[in-house]
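**Q** Take this structure, written in structure tokens, and hold onto it; I'll ask about it next.
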Amino acid sequence: MTAAARVAPPPPQPREAALFLDIDGTLIPFADRPQDVVADRAVRHLLTALETAFQGALVLVSGRPVVDIDRIFAPHRFVCAGEHGSEIRLAHRRHHEECAPPPGLAGLRTLCRSLVQTLPGLLLEEKPHSLSLHYRAVPERAVELRAALLRTLETRPDWTLVEGNRVFELVPATASKGAAIRRLMATPPFRDRRPFFVGDDTNDEPGFVVVNTLGGVSVKVGPGPSAARYGLSDPTAVRDWLARTLVAQEARVHAPT
Ligand SMILES: [Mg+2]
């Protein structure tokens, strides 16, 4: 569906909906370097208020590792799916679960380090289960870089290339945001709720497909083709939409009976 065809999503009902929210490009604008991203006070306050209003049914779903999600939102620790679901922190669990990465991570890491040496301007983000090559500073190298990575993966079927906003990610083939959402939806407090998933990127598409299958609400942030059925323009619009949910709930709580 094209961006022009997408309308604003309906408001999620705090007692009936489960919120799944991507971070970069959805809640928080992109930064030149991923390690520079930090949540501002307003978004931290918004998310903790939503978590309370939705009785814990709020999940951050990201390509970032869980430790990095915790850094961004410190001191609060949200329920989350990190590295496209390779790591999951279920509700009410202090520690997160990790899937073992498939064989070959060390070899791919070596290859990516050599690419960074030969293509100046690339930024390699080394994560416990995956690798991200950011080319925000050298967008003209995208075609060359994609070709090199695809060649490498021809002999590594356990791995897949995920394209994001000025980033190529090498991710275990079994990991996806869709699988993470499906897994969490089978556990309390998400079970029996209607999933809402908001994301901005190619790596969010498996999440949109799963949410559509589950009868939920899929929301694409920004332009571009997508399986999502609804749209919002940018992180500011996402925050405004979420904040209106809280205002509406406040009004219901204080309405005279
Ligand atoms: Mg994103």
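How things are named: the first chain in the structure tokens is A, the next is B, and so on; residues count from 1 in each chain; ligands count from 1 in the order shown.
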Taking only residues of chain A that have an atom at most 7 Å from an atom of ligand 1, what is each one's shortest atom pair and its distance in Å to one decimal, using only C-alpha atoms and all ligand atoms, in chain and number order, as a tab-separated table?

**A**
residue	atom	partner	partner_atom_place_in_ligand_line	distance
A:Asp22	CA	ligand 1	1 (Mg)	5.5
A:Ile23	CA	ligand 1	1 (Mg)	5.6
A:Asp24	CA	ligand 1	1 (Mg)	4.1
A:Gly25	CA	ligand 1	1 (Mg)	4.6
A:Thr26	CA	ligand 1	1 (Mg)	5.6
A:Gly199	CA	ligand 1	1 (Mg)	5.7
A:Asp200	CA	ligand 1	1 (Mg)	5.0
A:Asp201	CA	ligand 1	1 (Mg)	5.2

**Q** Applying 8 Å and only C-alpha atoms, which residues near segment 30-47 of chain A remain after dropping the ones on its own chain fewer than 6 positions away? List them as a PyMOL selection string.

**A** chain A and resi 24+71-73+136-137+239+242-243

**Q** Given the choices A:Leu60, A:Ala147, A:Leu115, A:Ala179, which gets closest to Ser86 of chain A if the distance is worked out from only C-alpha atoms?

**A** A:Ala179

**Q** Could you tell me which of A:Pro12, A:Gly231, A:Pro195, A:Gly207 comes closest to Ser176 of chain A if we count only C-alpha atoms?

**A**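 The answer is A:Gly207, which sits nearest to Ser176 of chain A.
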
**Q** Identify, with DSSP run on backbone atoms, the residues in segment 64-143 of chain A assigned to strand (DSSP E), and express the list as a list in words.

**A**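 Filtering segment 64-143 of chain A to strand (DSSP E) leaves Cys80, Ala81, Gly82, Glu87, Ile88, Arg89, Glu97, Glu98, Leu123, Leu124, Glu125, Glu126, Leu131, Ser132, Leu133 and His134 of chain A.
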
**Q** Based on the backbone DSSP call, show me all residues of segment 81-254 of chain A assigned helix (DSSP H, G or I), as an mmCIF file with N, CA, C and O atoms, in the first residue's frame.

**A**
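As written to disk, selection.cif reads:
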data_model
loop_
_atom_site.group_PDB
_atom_site.id
_atom_site.type_symbol
_atom_site.label_atom_id
_atom_site.label_comp_id
_atom_site.auth_asym_id
_atom_site.auth_seq_id
_atom_site.Cartn_x
_atom_site.Cartn_y
_atom_site.Cartn_z
ATOM 1 N N GLU A 83 17.454 -6.758 19.037
ATOM 2 C CA GLU A 83 18.093 -7.425 17.893
ATOM 3 C C GLU A 83 17.076 -8.254 17.088
ATOM 4 O O GLU A 83 17.267 -9.439 16.838
ATOM 5 N N HIS A 84 15.968 -7.603 16.737
ATOM 6 C CA HIS A 84 14.916 -8.224 15.919
ATOM 7 C C HIS A 84 14.367 -9.501 16.551
ATOM 8 O O HIS A 84 13.978 -10.434 15.857
ATOM 9 N N GLY A 85 14.346 -9.551 17.872
ATOM 10 C CA GLY A 85 13.765 -10.703 18.563
ATOM 11 C C GLY A 85 14.773 -11.753 18.989
ATOM 12 O O GLY A 85 14.382 -12.757 19.593
ATOM 13 N N LEU A 105 28.885 -16.030 13.079
ATOM 14 C CA LEU A 105 28.908 -14.616 13.487
ATOM 15 C C LEU A 105 30.341 -14.074 13.490
ATOM 16 O O LEU A 105 30.591 -12.965 13.012
ATOM 17 N N ALA A 106 31.281 -14.871 14.007
ATOM 18 C CA ALA A 106 32.675 -14.390 14.093
ATOM 19 C C ALA A 106 33.233 -14.108 12.694
ATOM 20 O O ALA A 106 33.905 -13.086 12.473
ATOM 21 N N GLY A 107 32.949 -14.995 11.743
ATOM 22 C CA GLY A 107 33.440 -14.790 10.379
ATOM 23 C C GLY A 107 32.836 -13.557 9.733
ATOM 24 O O GLY A 107 33.532 -12.792 9.048
ATOM 25 N N LEU A 108 31.544 -13.345 9.966
ATOM 26 C CA LEU A 108 30.891 -12.156 9.406
ATOM 27 C C LEU A 108 31.443 -10.878 10.044
ATOM 28 O O LEU A 108 31.589 -9.842 9.390
ATOM 29 N N ARG A 109 31.746 -10.972 11.335
ATOM 30 C CA ARG A 109 32.316 -9.809 12.026
ATOM 31 C C ARG A 109 33.659 -9.428 11.398
ATOM 32 O O ARG A 109 33.928 -8.246 11.134
ATOM 33 N N THR A 110 34.475 -10.446 11.119
ATOM 34 C CA THR A 110 35.778 -10.188 10.493
ATOM 35 C C THR A 110 35.599 -9.535 9.128
ATOM 36 O O THR A 110 36.276 -8.561 8.778
ATOM 37 N N LEU A 111 34.640 -10.059 8.360
ATOM 38 C CA LEU A 111 34.388 -9.497 7.035
ATOM 39 C C LEU A 111 33.938 -8.032 7.128
ATOM 40 O O LEU A 111 34.405 -7.167 6.382
ATOM 41 N N CYS A 112 33.030 -7.749 8.065
ATOM 42 C CA CYS A 112 32.527 -6.380 8.203
ATOM 43 C C CYS A 112 33.638 -5.426 8.643
ATOM 44 O O CYS A 112 33.706 -4.280 8.180
ATOM 45 N N ARG A 113 34.517 -5.916 9.515
ATOM 46 C CA ARG A 113 35.641 -5.061 9.947
ATOM 47 C C ARG A 113 36.526 -4.718 8.750
ATOM 48 O O ARG A 113 37.005 -3.583 8.628
ATOM 49 N N SER A 114 36.714 -5.688 7.845
ATOM 50 C CA SER A 114 37.561 -5.390 6.681
ATOM 51 C C SER A 114 36.838 -4.442 5.717
ATOM 52 O O SER A 114 37.473 -3.595 5.083
ATOM 53 N N LEU A 115 35.518 -4.557 5.628
ATOM 54 C CA LEU A 115 34.774 -3.614 4.781
ATOM 55 C C LEU A 115 34.923 -2.177 5.300
ATOM 56 O O LEU A 115 35.057 -1.231 4.518
ATOM 57 N N VAL A 116 34.889 -2.036 6.623
ATOM 58 C CA VAL A 116 35.036 -0.696 7.221
ATOM 59 C C VAL A 116 36.421 -0.123 6.906
ATOM 60 O O VAL A 116 36.577 1.089 6.693
ATOM 61 N N GLN A 117 37.420 -1.020 6.844
ATOM 62 C CA GLN A 117 38.779 -0.563 6.516
ATOM 63 C C GLN A 117 38.870 -0.080 5.068
ATOM 64 O O GLN A 117 39.552 0.889 4.758
ATOM 65 N N THR A 118 38.147 -0.777 4.170
ATOM 66 C CA THR A 118 38.295 -0.472 2.738
ATOM 67 C C THR A 118 37.308 0.591 2.258
ATOM 68 O O THR A 118 37.529 1.194 1.209
ATOM 69 N N PRO A 139 26.229 7.593 1.740
ATOM 70 C CA PRO A 139 25.091 6.925 1.089
ATOM 71 C C PRO A 139 25.397 6.483 -0.340
ATOM 72 O O PRO A 139 24.776 5.551 -0.844
ATOM 73 N N GLU A 140 26.402 7.123 -0.968
ATOM 74 C CA GLU A 140 26.756 6.746 -2.350
ATOM 75 C C GLU A 140 27.380 5.353 -2.423
ATOM 76 O O GLU A 140 27.522 4.798 -3.519
ATOM 77 N N ARG A 141 27.764 4.761 -1.295
ATOM 78 C CA ARG A 141 28.368 3.424 -1.300
ATOM 79 C C ARG A 141 27.334 2.311 -1.125
ATOM 80 O O ARG A 141 27.699 1.130 -1.036
ATOM 81 N N ALA A 142 26.047 2.655 -1.068
ATOM 82 C CA ALA A 142 25.009 1.666 -0.735
ATOM 83 C C ALA A 142 24.979 0.485 -1.711
ATOM 84 O O ALA A 142 24.933 -0.677 -1.293
ATOM 85 N N VAL A 143 25.039 0.773 -3.014
ATOM 86 C CA VAL A 143 24.904 -0.290 -4.015
ATOM 87 C C VAL A 143 26.067 -1.278 -3.910
ATOM 88 O O VAL A 143 25.888 -2.503 -3.872
ATOM 89 N N GLU A 144 27.254 -0.702 -3.816
ATOM 90 C CA GLU A 144 28.477 -1.504 -3.710
ATOM 91 C C GLU A 144 28.466 -2.366 -2.437
ATOM 92 O O GLU A 144 28.796 -3.557 -2.459
ATOM 93 N N LEU A 145 28.030 -1.765 -1.352
ATOM 94 C CA LEU A 145 28.008 -2.455 -0.065
ATOM 95 C C LEU A 145 26.976 -3.585 -0.067
ATOM 96 O O LEU A 145 27.253 -4.708 0.379
ATOM 97 N N ARG A 146 25.782 -3.291 -0.583
ATOM 98 C CA ARG A 146 24.725 -4.308 -0.654
ATOM 99 C C ARG A 146 25.217 -5.524 -1.455
ATOM 100 O O ARG A 146 25.040 -6.676 -1.057
ATOM 101 N N ALA A 147 25.858 -5.248 -2.596
ATOM 102 C CA ALA A 147 26.338 -6.339 -3.454
ATOM 103 C C ALA A 147 27.365 -7.195 -2.716
ATOM 104 O O ALA A 147 27.320 -8.433 -2.777
ATOM 105 N N ALA A 148 28.275 -6.550 -1.985
ATOM 106 C CA ALA A 148 29.308 -7.295 -1.251
ATOM 107 C C ALA A 148 28.676 -8.176 -0.177
ATOM 108 O O ALA A 148 29.063 -9.338 -0.005
ATOM 109 N N LEU A 149 27.699 -7.633 0.517
ATOM 110 C CA LEU A 149 27.076 -8.400 1.602
ATOM 111 C C LEU A 149 26.249 -9.559 1.046
ATOM 112 O O LEU A 149 26.271 -10.668 1.588
ATOM 113 N N LEU A 150 25.520 -9.313 -0.031
ATOM 114 C CA LEU A 150 24.712 -10.391 -0.620
ATOM 115 C C LEU A 150 25.599 -11.523 -1.129
ATOM 116 O O LEU A 150 25.261 -12.701 -0.998
ATOM 117 N N ARG A 151 26.746 -11.165 -1.707
ATOM 118 C CA ARG A 151 27.700 -12.190 -2.157
ATOM 119 C C ARG A 151 28.145 -13.051 -0.976
ATOM 120 O O ARG A 151 28.197 -14.274 -1.054
ATOM 121 N N THR A 152 28.427 -12.393 0.127
ATOM 122 C CA THR A 152 28.884 -13.111 1.322
ATOM 123 C C THR A 152 27.811 -14.064 1.837
ATOM 124 O O THR A 152 28.106 -15.186 2.269
ATOM 125 N N LEU A 153 26.557 -13.634 1.799
ATOM 126 C CA LEU A 153 25.486 -14.447 2.381
ATOM 127 C C LEU A 153 25.051 -15.600 1.482
ATOM 128 O O LEU A 153 24.297 -16.469 1.924
ATOM 129 N N LYS A 177 11.065 -9.140 13.686
ATOM 130 C CA LYS A 177 10.164 -8.437 14.601
ATOM 131 C C LYS A 177 8.788 -9.113 14.614
ATOM 132 O O LYS A 177 8.096 -9.106 15.628
ATOM 133 N N GLY A 178 8.415 -9.714 13.479
ATOM 134 C CA GLY A 178 7.137 -10.428 13.427
ATOM 135 C C GLY A 178 7.133 -11.623 14.366
ATOM 136 O O GLY A 178 6.175 -11.849 15.116
ATOM 137 N N ALA A 179 8.222 -12.403 14.339
ATOM 138 C CA ALA A 179 8.310 -13.568 15.230
ATOM 139 C C ALA A 179 8.299 -13.126 16.689
ATOM 140 O O ALA A 179 7.685 -13.775 17.547
ATOM 141 N N ALA A 180 8.974 -12.012 16.975
ATOM 142 C CA ALA A 180 9.009 -11.509 18.353
ATOM 143 C C ALA A 180 7.617 -11.094 18.825
ATOM 144 O O ALA A 180 7.209 -11.391 19.948
ATOM 145 N N ILE A 181 6.875 -10.412 17.957
ATOM 146 C CA ILE A 181 5.519 -9.975 18.338
ATOM 147 C C ILE A 181 4.617 -11.194 18.560
ATOM 148 O O ILE A 181 3.870 -11.270 19.540
ATOM 149 N N ARG A 182 4.734 -12.180 17.665
ATOM 150 C CA ARG A 182 3.914 -13.390 17.810
ATOM 151 C C ARG A 182 4.232 -14.092 19.139
ATOM 152 O O ARG A 182 3.352 -14.530 19.860
ATOM 153 N N ARG A 183 5.513 -14.167 19.470
ATOM 154 C CA ARG A 183 5.931 -14.819 20.720
ATOM 155 C C ARG A 183 5.351 -14.094 21.933
ATOM 156 O O ARG A 183 4.785 -14.695 22.841
ATOM 157 N N LEU A 184 5.486 -12.770 21.955
ATOM 158 C CA LEU A 184 4.992 -12.005 23.098
ATOM 159 C C LEU A 184 3.469 -12.049 23.198
ATOM 160 O O LEU A 184 2.913 -12.076 24.298
ATOM 161 N N MET A 185 2.790 -12.089 22.057
ATOM 162 C CA MET A 185 1.321 -12.111 22.074
ATOM 163 C C MET A 185 0.765 -13.401 22.675
ATOM 164 O O MET A 185 -0.419 -13.481 22.984
ATOM 165 N N THR A 202 12.085 -0.983 6.739
ATOM 166 C CA THR A 202 11.933 -2.275 6.075
ATOM 167 C C THR A 202 11.910 -3.415 7.079
ATOM 168 O O THR A 202 11.142 -4.369 6.927
ATOM 169 N N ASN A 203 12.751 -3.314 8.122
ATOM 170 C CA ASN A 203 12.807 -4.411 9.091
ATOM 171 C C ASN A 203 11.561 -4.478 9.976
ATOM 172 O O ASN A 203 11.428 -5.401 10.779
ATOM 173 N N ASP A 204 10.652 -3.507 9.845
ATOM 174 C CA ASP A 204 9.382 -3.561 10.576
ATOM 175 C C ASP A 204 8.294 -4.285 9.784
ATOM 176 O O ASP A 204 7.240 -4.618 10.340
ATOM 177 N N GLU A 205 8.537 -4.535 8.494
ATOM 178 C CA GLU A 205 7.495 -5.134 7.652
ATOM 179 C C GLU A 205 7.018 -6.506 8.155
ATOM 180 O O GLU A 205 5.814 -6.765 8.164
ATOM 181 N N PRO A 206 7.943 -7.415 8.600
ATOM 182 C CA PRO A 206 7.433 -8.688 9.139
ATOM 183 C C PRO A 206 6.499 -8.477 10.336
ATOM 184 O O PRO A 206 5.561 -9.246 10.543
ATOM 185 N N GLY A 207 6.741 -7.442 11.107
ATOM 186 C CA GLY A 207 5.864 -7.115 12.233
ATOM 187 C C GLY A 207 4.495 -6.666 11.753
ATOM 188 O O GLY A 207 3.460 -7.060 12.310
ATOM 189 N N PHE A 208 4.461 -5.854 10.691
ATOM 190 C CA PHE A 208 3.169 -5.401 10.156
ATOM 191 C C PHE A 208 2.351 -6.597 9.666
ATOM 192 O O PHE A 208 1.145 -6.676 9.898
ATOM 193 N N VAL A 209 3.034 -7.528 8.993
ATOM 194 C CA VAL A 209 2.330 -8.696 8.430
ATOM 195 C C VAL A 209 1.717 -9.533 9.553
ATOM 196 O O VAL A 209 0.546 -9.928 9.489
ATOM 197 N N VAL A 210 2.491 -9.780 10.612
ATOM 198 C CA VAL A 210 1.973 -10.579 11.738
ATOM 199 C C VAL A 210 0.805 -9.874 12.410
ATOM 200 O O VAL A 210 -0.224 -10.483 12.714
ATOM 201 N N VAL A 211 0.941 -8.577 12.639
ATOM 202 C CA VAL A 211 -0.128 -7.824 13.307
ATOM 203 C C VAL A 211 -1.393 -7.825 12.445
ATOM 204 O O VAL A 211 -2.510 -7.977 12.957
ATOM 205 N N ASN A 212 -1.236 -7.702 11.134
ATOM 206 C CA ASN A 212 -2.412 -7.781 10.249
ATOM 207 C C ASN A 212 -3.082 -9.149 10.368
ATOM 208 O O ASN A 212 -4.309 -9.257 10.425
ATOM 209 N N THR A 213 -2.260 -10.200 10.420
ATOM 210 C CA THR A 213 -2.787 -11.569 10.529
ATOM 211 C C THR A 213 -3.558 -11.752 11.839
ATOM 212 O O THR A 213 -4.551 -12.468 11.888
ATOM 213 N N PRO A 235 8.139 10.909 13.909
ATOM 214 C CA PRO A 235 8.092 10.622 15.356
ATOM 215 C C PRO A 235 7.232 11.617 16.152
ATOM 216 O O PRO A 235 6.596 11.226 17.143
ATOM 217 N N THR A 236 7.189 12.862 15.739
ATOM 218 C CA THR A 236 6.339 13.827 16.455
ATOM 219 C C THR A 236 4.871 13.423 16.355
ATOM 220 O O THR A 236 4.120 13.482 17.342
ATOM 221 N N ALA A 237 4.453 12.996 15.156
ATOM 222 C CA ALA A 237 3.067 12.561 14.969
ATOM 223 C C ALA A 237 2.772 11.303 15.786
ATOM 224 O O ALA A 237 1.665 11.137 16.318
ATOM 225 N N VAL A 238 3.763 10.417 15.904
ATOM 226 C CA VAL A 238 3.583 9.200 16.716
ATOM 227 C C VAL A 238 3.370 9.583 18.176
ATOM 228 O O VAL A 238 2.449 9.107 18.848
ATOM 229 N N ARG A 239 4.212 10.478 18.661
ATOM 230 C CA ARG A 239 4.097 10.893 20.069
ATOM 231 C C ARG A 239 2.749 11.583 20.325
ATOM 232 O O ARG A 239 2.120 11.353 21.358
ATOM 233 N N ASP A 240 2.322 12.432 19.381
ATOM 234 C CA ASP A 240 1.036 13.131 19.560
ATOM 235 C C ASP A 240 -0.116 12.131 19.603
ATOM 236 O O ASP A 240 -1.037 12.257 20.415
ATOM 237 N N TRP A 241 -0.063 11.143 18.710
ATOM 238 C CA TRP A 241 -1.119 10.116 18.659
ATOM 239 C C TRP A 241 -1.157 9.335 19.979
ATOM 240 O O TRP A 241 -2.222 9.086 20.541
ATOM 241 N N LEU A 242 0.014 8.956 20.489
ATOM 242 C CA LEU A 242 0.071 8.220 21.756
ATOM 243 C C LEU A 242 -0.392 9.097 22.930
ATOM 244 O O LEU A 242 -1.107 8.625 23.819
ATOM 245 N N ALA A 243 0.001 10.364 22.902
ATOM 246 C CA ALA A 243 -0.388 11.272 23.996
ATOM 247 C C ALA A 243 -1.898 11.472 24.014
ATOM 248 O O ALA A 243 -2.507 11.574 25.088
ATOM 249 N N ARG A 244 -2.534 11.525 22.838
ATOM 250 C CA ARG A 244 -3.997 11.698 22.781
ATOM 251 C C ARG A 244 -4.701 10.502 23.423
ATOM 252 O O ARG A 244 -5.761 10.656 24.016
ATOM 253 N N THR A 245 -4.098 9.320 23.313
ATOM 254 C CA THR A 245 -4.669 8.131 23.965
ATOM 255 C C THR A 245 -4.738 8.340 25.470
ATOM 256 O O THR A 245 -5.724 8.017 26.120
ATOM 257 N N LEU A 246 -3.662 8.914 26.034
ATOM 258 C CA LEU A 246 -3.633 9.152 27.482
ATOM 259 C C LEU A 246 -4.647 10.215 27.886
ATOM 260 O O LEU A 246 -5.328 10.075 28.896
ATOM 261 N N VAL A 247 -4.743 11.274 27.091
ATOM 262 C CA VAL A 247 -5.692 12.350 27.399
ATOM 263 C C VAL A 247 -7.113 11.804 27.375
ATOM 264 O O VAL A 247 -7.923 12.090 28.265
ATOM 265 N N ALA A 248 -7.414 10.964 26.379
ATOM 266 C CA ALA A 248 -8.758 10.398 26.273
ATOM 267 C C ALA A 248 -9.054 9.508 27.475
ATOM 268 O O ALA A 248 -10.163 9.515 28.022
ATOM 269 N N GLN A 249 -8.039 8.776 27.928
ATOM 270 C CA GLN A 249 -8.257 7.902 29.066
ATOM 271 C C GLN A 249 -8.478 8.715 30.344
ATOM 272 O O GLN A 249 -9.344 8.425 31.138
ATOM 273 N N GLU A 250 -7.683 9.776 30.502
ATOM 274 C CA GLU A 250 -7.849 10.698 31.630
ATOM 275 C C GLU A 250 -9.275 11.211 31.686
ATOM 276 O O GLU A 250 -9.899 11.238 32.735
ATOM 277 N N ALA A 251 -9.773 11.627 30.513
ATOM 278 C CA ALA A 251 -11.119 12.191 30.438
ATOM 279 C C ALA A 251 -12.160 11.157 30.868
ATOM 280 O O ALA A 251 -13.118 11.478 31.583
ATOM 281 N N ARG A 252 -11.928 9.893 30.463
ATOM 282 C CA ARG A 252 -12.884 8.847 30.847
ATOM 283 C C ARG A 252 -12.840 8.599 32.346
ATOM 284 O O ARG A 252 -13.874 8.431 32.995
ATOM 285 N N VAL A 253 -11.628 8.610 32.915
ATOM 286 C CA VAL A 253 -11.483 8.349 34.343
ATOM 287 C C VAL A 253 -12.199 9.425 35.170
ATOM 288 O O VAL A 253 -12.832 9.137 36.173
ATOM 289 N N HIS A 254 -12.093 10.680 34.689
ATOM 290 C CA HIS A 254 -12.655 11.785 35.483
ATOM 291 C C HIS A 254 -14.038 12.209 35.045
ATOM 292 O O HIS A 254 -14.595 13.161 35.581
#

**Q** Using only C-alpha atoms, which protein or nucleic acid residues come within 9 Å of Arg229 of chain A? Drop anything in the same chain fewer than 5 positions from it, and give the result as a ChimeraX atom specification.

**A** /A:1,5-7,9,208,212,217-220

**Q** Next, write the just-selected residues to a file, as a CSV table (one decimal), in the first residue's frame, keeping N, CA and C atoms as the atom set.

**A**
chain,number,residue,atom,x,y,z
A,1,MET,N,0.9,-1.2,0.0
A,1,MET,CA,0.0,0.0,0.0
A,1,MET,C,0.9,1.2,0.0
A,5,ALA,N,-2.2,6.3,0.5
A,5,ALA,CA,-3.5,5.6,0.8
A,5,ALA,C,-3.6,5.3,2.3
A,6,ARG,N,-2.6,5.7,3.1
A,6,ARG,CA,-2.7,5.3,4.5
A,6,ARG,C,-3.3,6.5,5.3
A,7,VAL,N,-4.2,6.1,6.2
A,7,VAL,CA,-4.9,7.1,7.1
A,7,VAL,C,-4.3,6.9,8.5
A,9,PRO,N,-4.1,6.0,12.3
A,9,PRO,CA,-4.7,4.8,13.0
A,9,PRO,C,-5.7,5.2,14.0
A,208,PHE,N,4.5,-5.9,10.7
A,208,PHE,CA,3.2,-5.4,10.2
A,208,PHE,C,2.4,-6.6,9.7
A,212,ASN,N,-1.2,-7.7,11.1
A,212,ASN,CA,-2.4,-7.8,10.2
A,212,ASN,C,-3.1,-9.1,10.4
A,217,VAL,N,-3.5,-3.6,14.4
A,217,VAL,CA,-3.4,-2.3,13.7
A,217,VAL,C,-1.9,-2.1,13.4
A,218,SER,N,-1.6,-2.0,12.1
A,218,SER,CA,-0.2,-1.8,11.7
A,218,SER,C,-0.1,-0.4,11.2
A,219,VAL,N,1.0,0.3,11.7
A,219,VAL,CA,1.2,1.7,11.5
A,219,VAL,C,2.6,2.0,10.9
A,220,LYS,N,2.7,2.5,9.7
A,220,LYS,CA,3.9,2.8,9.1
A,220,LYS,C,4.2,4.3,9.3

**Q** Between atom CA of Leu19 of chain A and atom CA of Gly224 of chain A, what is the distance in Å, rounded to a tenth?

**A**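 Atom CA of Gly224 of chain A lies 22.5 Å from atom CA of Leu19 of chain A.
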
**Q** For Pro29 of chain A, which residue among A:Val221, A:Thr155, A:Glu51, A:Ala228 is the nearest when counting only C-alpha atoms?

**A**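 The closest residue to Pro29 of chain A is A:Val221.
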